[in-house]
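Asks: Input structure: final_39.txt, which contains compact mmCIF, C-alpha atoms.
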```txt
# COMPACT_ATOMS: atom_id res chain seq x y z
CA MET D 418 0.00 0.00 0.00
CA SER D 419 2.86 2.38 0.77
CA MET D 420 4.34 1.67 -2.66
CA LEU D 421 0.98 2.40 -4.27
CA ALA D 422 0.68 5.66 -2.32
CA TYR D 423 4.20 6.77 -3.27
CA ASP D 424 3.87 5.82 -6.94
CA GLY D 425 0.33 7.18 -7.11
CA THR D 426 1.50 10.54 -5.75
CA ALA D 427 4.24 10.67 -8.40
CA MET D 428 1.69 9.92 -11.14
CA LEU D 429 -0.64 12.53 -9.65
CA GLY D 430 2.11 15.14 -9.95
CA ARG D 431 2.71 14.13 -13.55
CA GLN D 432 -0.98 14.50 -14.41
CA LEU D 433 -1.21 17.90 -12.70
CA LEU D 434 1.79 19.12 -14.70
CA ARG D 435 0.07 17.84 -17.80
CA LEU D 436 -3.04 19.85 -16.97
CA ARG D 437 -0.97 22.96 -16.22
CA ASN D 438 0.72 22.70 -19.60
CA ASN D 439 -2.65 22.44 -21.34
CA PRO D 440 -4.54 25.48 -20.03
CA GLY D 441 -6.94 25.48 -22.97
CA LEU D 442 -8.45 22.22 -21.75
CA LEU D 443 -8.91 23.61 -18.25
CA ILE D 444 -10.54 26.77 -19.55
CA LEU D 445 -12.90 24.78 -21.78
CA THR D 446 -13.95 22.38 -19.02
CA GLN D 447 -14.64 25.29 -16.65
CA THR D 448 -16.45 27.60 -19.05
CA MET D 449 -18.64 25.01 -20.78
CA PRO D 450 -20.87 24.29 -17.73
CA ILE D 451 -21.21 28.03 -17.08
CA SER D 452 -22.24 28.63 -20.69
CA MET D 453 -24.79 25.81 -20.45
CA LEU D 454 -26.16 27.23 -17.20
CA LEU D 455 -26.73 30.63 -18.78
CA PHE D 456 -28.16 29.18 -21.97
CA PHE D 457 -30.46 26.56 -20.44
CA GLY D 458 -31.36 28.76 -17.48
CA TYR D 459 -32.48 31.78 -19.47
CA VAL D 460 -33.64 30.18 -22.74
CA PHE D 461 -35.27 26.93 -21.62
CA GLY D 462 -36.34 28.33 -18.27
CA SER D 463 -38.84 30.63 -19.92
CA ALA D 464 -40.56 27.70 -21.64
CA LEU D 465 -40.86 25.25 -18.72
CA ALA D 466 -43.31 24.89 -15.88
CA VAL D 467 -40.63 26.00 -13.40
CA PRO D 468 -39.41 29.23 -15.05
CA GLY D 469 -36.86 31.80 -13.96
CA GLU D 470 -34.93 31.44 -10.73
CA ALA D 471 -36.87 28.31 -9.74
CA TYR D 472 -35.64 26.51 -12.84
CA ARG D 473 -32.09 27.79 -12.44
CA ALA D 474 -32.07 26.51 -8.85
CA PHE D 475 -33.26 23.16 -10.22
CA LEU D 476 -30.70 23.25 -13.03
CA VAL D 477 -27.51 24.00 -11.08
CA PRO D 478 -27.32 20.61 -9.30
CA GLY D 479 -28.22 18.84 -12.54
CA LEU D 480 -25.43 20.58 -14.43
CA LEU D 481 -22.99 19.76 -11.63
CA VAL D 482 -23.80 16.08 -12.06
CA ALA D 483 -23.80 16.26 -15.86
CA THR D 484 -20.33 17.80 -15.68
CA ALA D 485 -19.23 15.09 -13.25
CA SER D 486 -20.37 12.42 -15.69
CA GLY D 487 -17.98 14.01 -18.19
CA GLY D 488 -15.29 12.16 -16.27
CA ILE D 489 -16.03 9.26 -18.60
CA MET D 490 -15.00 11.30 -21.64
CA ALA D 491 -12.02 12.93 -19.92
CA GLY D 492 -10.69 9.66 -18.52
CA MET D 493 -11.20 7.86 -21.81
CA PHE D 494 -9.41 10.46 -23.90
CA GLN D 495 -6.40 10.87 -21.62
CA ALA D 496 -5.89 7.12 -21.18
CA ALA D 497 -6.23 6.49 -24.91
CA GLN D 498 -3.88 9.37 -25.70
CA ASP D 499 -1.16 8.01 -23.41
CA THR D 500 -1.60 4.52 -24.84
CA HIS D 501 -1.61 5.68 -28.47
CA ARG D 502 1.55 7.76 -28.00
CA GLY D 503 3.47 5.02 -26.23
CA VAL D 504 3.57 6.73 -22.83
CA THR D 505 1.71 3.88 -21.14
CA ASN D 506 4.17 1.30 -22.49
CA ARG D 507 7.08 3.32 -21.10
CA PHE D 508 5.39 3.45 -17.70
CA ARG D 509 5.02 -0.34 -17.78
CA THR D 510 8.81 -0.71 -17.99
CA LEU D 511 9.22 1.18 -14.70
CA PRO D 512 9.14 -0.55 -11.29
CA VAL D 513 5.89 1.13 -10.21
CA SER D 514 2.62 -0.25 -8.93
CA ARG D 515 0.28 -1.22 -11.75
CA ALA D 516 -2.56 0.65 -10.07
CA ALA D 517 -0.52 3.86 -9.63
CA VAL D 518 -0.85 5.21 -13.16
CA PRO D 519 -4.66 5.05 -13.48
CA LEU D 520 -5.00 6.13 -9.84
CA GLY D 521 -2.84 9.19 -10.45
CA GLN D 522 -4.93 10.12 -13.48
CA ALA D 523 -8.20 9.73 -11.58
CA ALA D 524 -6.93 11.70 -8.58
CA ALA D 525 -5.63 14.56 -10.74
CA ASP D 526 -8.94 14.74 -12.56
CA LEU D 527 -10.73 14.88 -9.22
CA LEU D 528 -8.62 17.81 -8.00
CA ALA D 529 -9.12 19.70 -11.26
CA THR D 530 -12.87 19.08 -11.11
CA ALA D 531 -13.09 20.28 -7.50
CA ALA D 532 -11.27 23.50 -8.42
CA GLY D 533 -13.39 24.01 -11.53
CA THR D 534 -16.60 23.65 -9.53
CA VAL D 535 -15.92 26.86 -7.59
CA PRO D 536 -16.42 29.39 -10.44
CA PHE D 537 -19.49 27.48 -11.60
CA LEU D 538 -21.07 27.71 -8.15
CA LEU D 539 -20.30 31.42 -7.97
CA VAL D 540 -22.14 31.97 -11.25
CA GLY D 541 -24.95 29.80 -9.92
CA LEU D 542 -25.26 32.06 -6.91
CA ALA D 543 -25.33 35.08 -9.21
CA VAL D 544 -28.28 33.71 -11.22
CA GLY D 545 -30.40 32.82 -8.20
CA TRP D 546 -29.29 29.40 -6.95
CA ARG D 547 -28.98 29.07 -3.18
CA VAL D 548 -28.02 26.40 -0.67
CA GLU D 549 -31.20 25.97 1.36
CA GLY D 550 -29.99 22.97 3.36
CA SER D 551 -27.60 22.80 6.30
CA PRO D 552 -23.82 23.18 5.91
CA SER D 553 -23.34 19.47 6.67
CA GLU D 554 -25.86 18.52 3.98
CA ALA D 555 -24.14 20.84 1.50
CA ALA D 556 -20.77 19.26 2.34
CA GLY D 557 -22.32 15.83 1.85
CA ALA D 558 -23.66 16.90 -1.54
CA PHE D 559 -20.22 18.09 -2.64
CA GLY D 560 -18.60 14.87 -1.42
CA LEU D 561 -21.17 12.78 -3.27
CA LEU D 562 -20.55 14.80 -6.43
CA MET D 563 -16.79 14.21 -6.22
CA LEU D 564 -17.30 10.50 -5.56
CA PHE D 565 -19.47 10.23 -8.67
CA ARG D 566 -16.85 12.06 -10.76
CA PHE D 567 -14.15 9.72 -9.42
CA ALA D 568 -16.22 6.67 -10.34
CA CYS D 569 -16.99 8.00 -13.83
CA THR D 570 -13.30 8.73 -14.43
CA TRP D 571 -12.37 5.12 -13.69
CA ALA D 572 -14.97 3.96 -16.20
CA GLY D 573 -13.44 6.30 -18.78
CA ILE D 574 -9.88 5.15 -18.01
CA TYR D 575 -10.84 1.53 -18.65
CA LEU D 576 -12.59 2.37 -21.92
CA GLY D 577 -9.62 4.50 -23.01
CA LEU D 578 -7.14 1.72 -22.28
CA LEU D 579 -9.40 -0.67 -24.17
CA THR D 580 -9.75 1.67 -27.17
CA ARG D 581 -6.01 2.60 -27.35
CA ASP D 582 -6.72 5.26 -29.98
CA GLU D 583 -7.23 8.90 -29.04
CA GLU D 584 -9.30 9.74 -32.13
CA ALA D 585 -11.68 6.83 -31.56
CA ALA D 586 -11.82 7.67 -27.85
CA GLY D 587 -12.72 11.28 -28.65
CA GLN D 588 -15.55 10.18 -30.95
CA LEU D 589 -16.85 7.58 -28.49
CA GLY D 590 -16.49 10.00 -25.59
CA GLY D 591 -18.62 12.54 -27.42
CA ALA D 592 -21.47 10.06 -27.31
CA THR D 593 -21.51 10.33 -23.51
CA PHE D 594 -23.08 13.76 -23.98
CA LEU D 595 -26.36 11.90 -24.44
CA LEU D 596 -26.30 10.45 -20.93
CA PRO D 597 -27.44 13.63 -19.12
CA LEU D 598 -30.17 14.13 -21.73
CA LEU D 599 -31.67 10.79 -20.68
CA SER D 600 -31.86 11.81 -17.03
CA SER D 601 -33.34 14.42 -14.72
CA ALA D 602 -30.27 16.66 -15.03
CA TYR D 603 -32.09 19.29 -17.10
CA ILE D 604 -35.80 18.61 -16.69
CA PRO D 605 -38.04 16.74 -14.23
CA THR D 606 -38.83 13.18 -15.29
CA SER D 607 -42.46 13.37 -14.16
CA GLY D 608 -43.65 14.55 -17.57
CA LEU D 609 -41.89 11.83 -19.58
CA PRO D 610 -43.69 8.80 -21.05
CA GLY D 611 -43.73 5.77 -18.76
CA TRP D 612 -40.97 3.74 -20.38
CA LEU D 613 -38.75 6.77 -20.93
CA ARG D 614 -39.27 7.94 -17.35
CA THR D 615 -38.22 4.52 -16.06
CA LEU D 616 -35.10 4.60 -18.24
CA ALA D 617 -34.23 8.12 -17.09
CA GLU D 618 -34.76 7.35 -13.41
CA TRP D 619 -32.49 4.30 -13.53
CA ASN D 620 -29.78 6.48 -15.05
CA PRO D 621 -27.16 7.08 -12.30
CA ILE D 622 -27.12 10.78 -13.20
CA SER D 623 -30.76 11.10 -12.12
CA ALA D 624 -30.07 9.58 -8.71
CA VAL D 625 -27.09 11.84 -8.04
CA ALA D 626 -28.86 14.95 -9.35
CA THR D 627 -31.88 14.25 -7.14
CA ALA D 628 -29.60 13.64 -4.16
CA LEU D 629 -27.86 16.99 -4.69
CA ARG D 630 -31.17 18.83 -5.04
CA ASP D 631 -32.42 17.20 -1.85
CA LEU D 632 -29.24 17.91 0.14
CA PHE D 633 -28.96 21.48 -1.15
CA GLY D 634 -32.67 21.99 -0.44
CA ASN D 635 -33.44 23.03 -4.02
CA ALA D 636 -36.19 20.52 -4.87
CA PRO D 637 -38.00 17.70 -3.06
CA VAL D 638 -37.60 14.06 -3.96
CA PRO D 639 -40.25 13.27 -6.62
CA GLU D 640 -43.05 10.95 -5.64
CA GLY D 641 -43.64 7.65 -7.39
CA ALA D 642 -40.13 7.53 -8.83
CA ALA D 643 -37.96 4.46 -9.34
CA TRP D 644 -35.98 3.28 -6.31
CA PRO D 645 -32.67 5.07 -7.03
CA VAL D 646 -34.49 8.40 -7.34
CA ALA D 647 -36.97 7.74 -4.52
CA HIS D 648 -33.96 7.06 -2.23
CA PRO D 649 -31.43 9.34 -3.94
CA VAL D 650 -28.54 9.32 -1.46
CA ALA D 651 -28.59 5.56 -1.02
CA GLY D 652 -29.13 5.09 -4.75
CA SER D 653 -26.22 7.39 -5.60
CA LEU D 654 -23.86 5.64 -3.20
CA LEU D 655 -24.91 2.27 -4.61
CA TRP D 656 -24.31 3.42 -8.19
CA CYS D 657 -20.87 4.79 -7.25
CA ALA D 658 -19.99 1.53 -5.49
CA VAL D 659 -21.04 -0.46 -8.55
CA LEU D 660 -19.04 1.73 -10.94
CA LEU D 661 -15.92 1.61 -8.77
CA GLY D 662 -16.30 -2.09 -8.04
CA VAL D 663 -16.53 -2.88 -11.74
CA PHE D 664 -14.16 -0.44 -13.41
CA VAL D 665 -11.27 -0.07 -10.93
CA PRO D 666 -10.18 -3.73 -11.22
CA LEU D 667 -10.93 -3.75 -14.96
CA ALA D 668 -8.82 -0.62 -15.54
CA VAL D 669 -5.90 -1.90 -13.46
CA ARG D 670 -5.98 -5.29 -15.18
CA GLN D 671 -6.23 -3.72 -18.64
CA TYR D 672 -3.28 -1.44 -17.84
CA ALA D 673 -1.21 -4.40 -16.62
CA ARG D 674 -2.10 -6.50 -19.68
CA GLY D 675 -1.18 -3.82 -22.17
CA GLU D 676 -1.65 -4.79 -25.80
CA ARG D 677 -1.70 -8.52 -25.20
```
Translate the structure described by the file into structure tokens.

Replies:
Amino acid sequence: MSMLAYDGTAMLGRQLLRLRNNPGLLILTQTMPISMLLFFGYVFGSALAVPGEAYRAFLVPGLLVATASGGIMAGMFQAAQDTHRGVTNRFRTLPVSRAAVPLGQAAADLLATAAGTVPFLLVGLAVGWRVEGSPSEAAGAFGLLMLFRFACTWAGIYLGLLTRDEEAAGQLGGATFLLPLLSSAYIPTSGLPGWLRTLAEWNPISAVATALRDLFGNAPVPEGAAWPVAHPVAGSLLWCAVLLGVFVPLAVRQYARGER
């Protein structure tokens, strides 16, 4: 474990340097959610049953979770890029823990996401979003959000190692943009057709978005929803546990196997 911690810290430093040397990516990942908040909040908000500030208060937690799910795309692209350019093969020749490289990538992504959340929340406050719950509930919401991002990043790392091509990973990662659309990230699921509502409510994004809204005090838990949404905190933790339990060992094994 000490070897994993030491090697993982070294890989974390490498990933943070990589992010620092690519400021355009950081700027894009931080400004995109803000742009979506302003666009959806002021354009779509006027056409929905919860217009204005009420919709923007509903939207902010959903966009936080939609951005967190982008860890799939980010993890996939970075892992595929390193593999395609031969960086991963060079790391395999070093006497480092096999889990250290993907762990360092996931940890660096988590730190960058946490820092990027701050300006988004400030804009959210400016457009009318407020934390109506207690400080402990708000802290729990932030922790749950970071856990979900961490789990999504591991899923992306595995898919990127499996793809091994940064162009293909970029195209496949773009498809993950559909995941928040099939959830309650942007709109309530109560008005959807039965089968589509069921699909949306079993989407992990819906459970986490509902949990954040409940913990922040922005919207009540919807009645008659599927189990993960009816019990959003428990459902979110269960989804995160499933994602980590599946993709952490798969990513580590795929990294160790290489191209064999």

Asks: Could you list, as a list of chain:residue names, every residue within 10 Å of Val646 (chain D), counting all atoms listed in the file and ignoring same-chain residues fewer than 6 positions away?

Replies: D:Ser601, D:Ala617, D:Glu618, D:Trp619, D:Asn620, D:Pro621, D:Ile622, D:Ser623, D:Ala624, D:Val625, D:Ala626, D:Thr627, D:Ala628, D:Val638, D:Pro639, D:Glu640, D:Gly652, D:Ser653

Asks: CA of Leu480 (chain D) to CA of Leu654 (chain D): how many Å, to one decimal?

Replies: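 Interatomic distance here is 18.8 Å.
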
Asks: Which residue gives the smallest distance to Ala636 (chain D) among D:Asp526, D:Asp424, D:Glu549, D:Glu583, with only C-alpha atoms counted?

Replies: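 Smallest separation from Ala636 (chain D) among the options: D:Glu549.
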
Asks: Enter the distance from CA of Phe559 (chain D) to CA of Val460 (chain D), in Å, rounded to one decimal.

Replies: 27.0 Å

Asks: Given the choices D:Phe664, D:Trp546, D:Phe508, D:Trp644, which gets closest to Tyr575 (chain D) if the distance is worked out from all atoms listed in the file?

Replies: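 When distances to Tyr575 (chain D) are compared using all atoms listed in the file, the smallest one comes from D:Phe664.
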
Asks: Restricting the calculation to all atoms listed in the file: of D:Leu578, D:Ala529, D:Val535, D:Ala555, which residue gets closest to Gly503 (chain D)?

Replies: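 Counting all atoms listed in the file, the residue closest to Gly503 (chain D) is D:Leu578.
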
Asks: Can you tell me which residues surround Leu599 (chain D) at a distance of at most 12 Å, considering only C-alpha atoms, apart from same-chain residues fewer than 3 positions away, and format the answer as an MDAnalysis selection string?

Replies: chainID D and resid 479 483 593:596 602:606 609 612:623

Asks: Would you pick out the contacts of Ala668 (chain D) at 9 Å or less, using only C-alpha atoms, so that residues sharing its chain but fewer than 6 positions from it are not included, and give the list as a ChimeraX atom specification?

Replies: /D:516,519,571-576,578-579

Asks: Mind giving me the straight-line distance from CA of Gly541 (chain D) to CA of Leu655 (chain D) in Å, one decimal?

Replies: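 Taking CA of Gly541 (chain D) as the start and CA of Leu655 (chain D) as the end point, the length is 28.0 Å.
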
Asks: Using only C-alpha atoms, which protein or nucleic acid residues come within 8 Å of Ala525 (chain D)? Drop anything in the same chain fewer than 6 positions from it, and give the result as a VMD selection string.

Replies: chain D and resid 429 to 430 432 to 433

Asks: Counting all atoms listed in the file, which residues have an atom no more than 7 Å from (-19.6, 18.1, -11.2) in the file's coordinates? Please list them as a PDB file with C-alpha atoms, in the frame of the given file.

Replies:
```
ATOM      1  CA  LEU D 481     -22.990  19.760 -11.630  1.00  0.00           C
ATOM      2  CA  VAL D 482     -23.800  16.080 -12.060  1.00  0.00           C
ATOM      3  CA  ALA D 483     -23.800  16.260 -15.860  1.00  0.00           C
ATOM      4  CA  THR D 484     -20.330  17.800 -15.680  1.00  0.00           C
ATOM      5  CA  ALA D 485     -19.230  15.090 -13.250  1.00  0.00           C
ATOM      6  CA  THR D 530     -12.870  19.080 -11.110  1.00  0.00           C
ATOM      7  CA  THR D 534     -16.600  23.650  -9.530  1.00  0.00           C
ATOM      8  CA  LEU D 562     -20.550  14.800  -6.430  1.00  0.00           C
ATOM      9  CA  MET D 563     -16.790  14.210  -6.220  1.00  0.00           C
ATOM     10  CA  ARG D 566     -16.850  12.060 -10.760  1.00  0.00           C
TER      11      ARG D 566
END
```

Asks: Skip Ala592 (chain D) itself and residues of its chain fewer than 4 positions away, then list as a ChimeraX atom specification all residues within 12 Å of it, counting only C-alpha atoms.

Replies: /D:486-487,489-490,493,585-588,596-598

Asks: Only C-alpha atoms, please: the residues just picked out, written as an mmCIF file, in the frame of the given file.

Replies:
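Everything below was put into again_24.cif:
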```cif
data_model
loop_
_atom_site.group_PDB
_atom_site.id
_atom_site.type_symbol
_atom_site.label_atom_id
_atom_site.label_comp_id
_atom_site.auth_asym_id
_atom_site.auth_seq_id
_atom_site.Cartn_x
_atom_site.Cartn_y
_atom_site.Cartn_z
ATOM 1 C CA SER D 486 -20.370 12.420 -15.690
ATOM 2 C CA GLY D 487 -17.980 14.010 -18.190
ATOM 3 C CA ILE D 489 -16.030 9.260 -18.600
ATOM 4 C CA MET D 490 -15.000 11.300 -21.640
ATOM 5 C CA MET D 493 -11.200 7.860 -21.810
ATOM 6 C CA ALA D 585 -11.680 6.830 -31.560
ATOM 7 C CA ALA D 586 -11.820 7.670 -27.850
ATOM 8 C CA GLY D 587 -12.720 11.280 -28.650
ATOM 9 C CA GLN D 588 -15.550 10.180 -30.950
ATOM 10 C CA LEU D 596 -26.300 10.450 -20.930
ATOM 11 C CA PRO D 597 -27.440 13.630 -19.120
ATOM 12 C CA LEU D 598 -30.170 14.130 -21.730
#
```

Asks: Pick out the closest residue to Phe567 (chain D) from this set: D:Ala491, D:Ala517, D:Ala673, D:Ala471. Count all atoms listed in the file.

Replies: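 Among the listed residues, the smallest separation from Phe567 (chain D) belongs to D:Ala491.
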
Asks: So, with all atoms listed in the file as the atoms that count, which of D:Arg547, D:His501, D:Arg473, D:Arg515 lies closest to Val669 (chain D)?

Replies: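 Of D:Arg547, D:His501, D:Arg473, D:Arg515, the one nearest Val669 (chain D), counting all atoms listed in the file, is D:Arg515.
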
Asks: Go ahead and fit an axis-aligned box to every listed atom of region 540-547 of chain D plus 3 Å each side, and pass me the centre and edge lengths in Å, one decimal, as lines of an AutoDock Vina configuration file.

Replies:
```
center_x = -26.3
center_y = 32.1
center_z = -7.2
size_x = 14.3
size_y = 12.0
size_z = 14.1
```

Asks: Name the closest residue to Gly634 (chain D) among the candidates D:Phe456, D:Phe475, D:Tyr423, D:Trp656; distances are taken between atoms, counting all atoms listed in the file.

Replies: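 Comparing D:Phe456, D:Phe475, D:Tyr423, D:Trp656 against Gly634 (chain D), the winner is D:Phe475.
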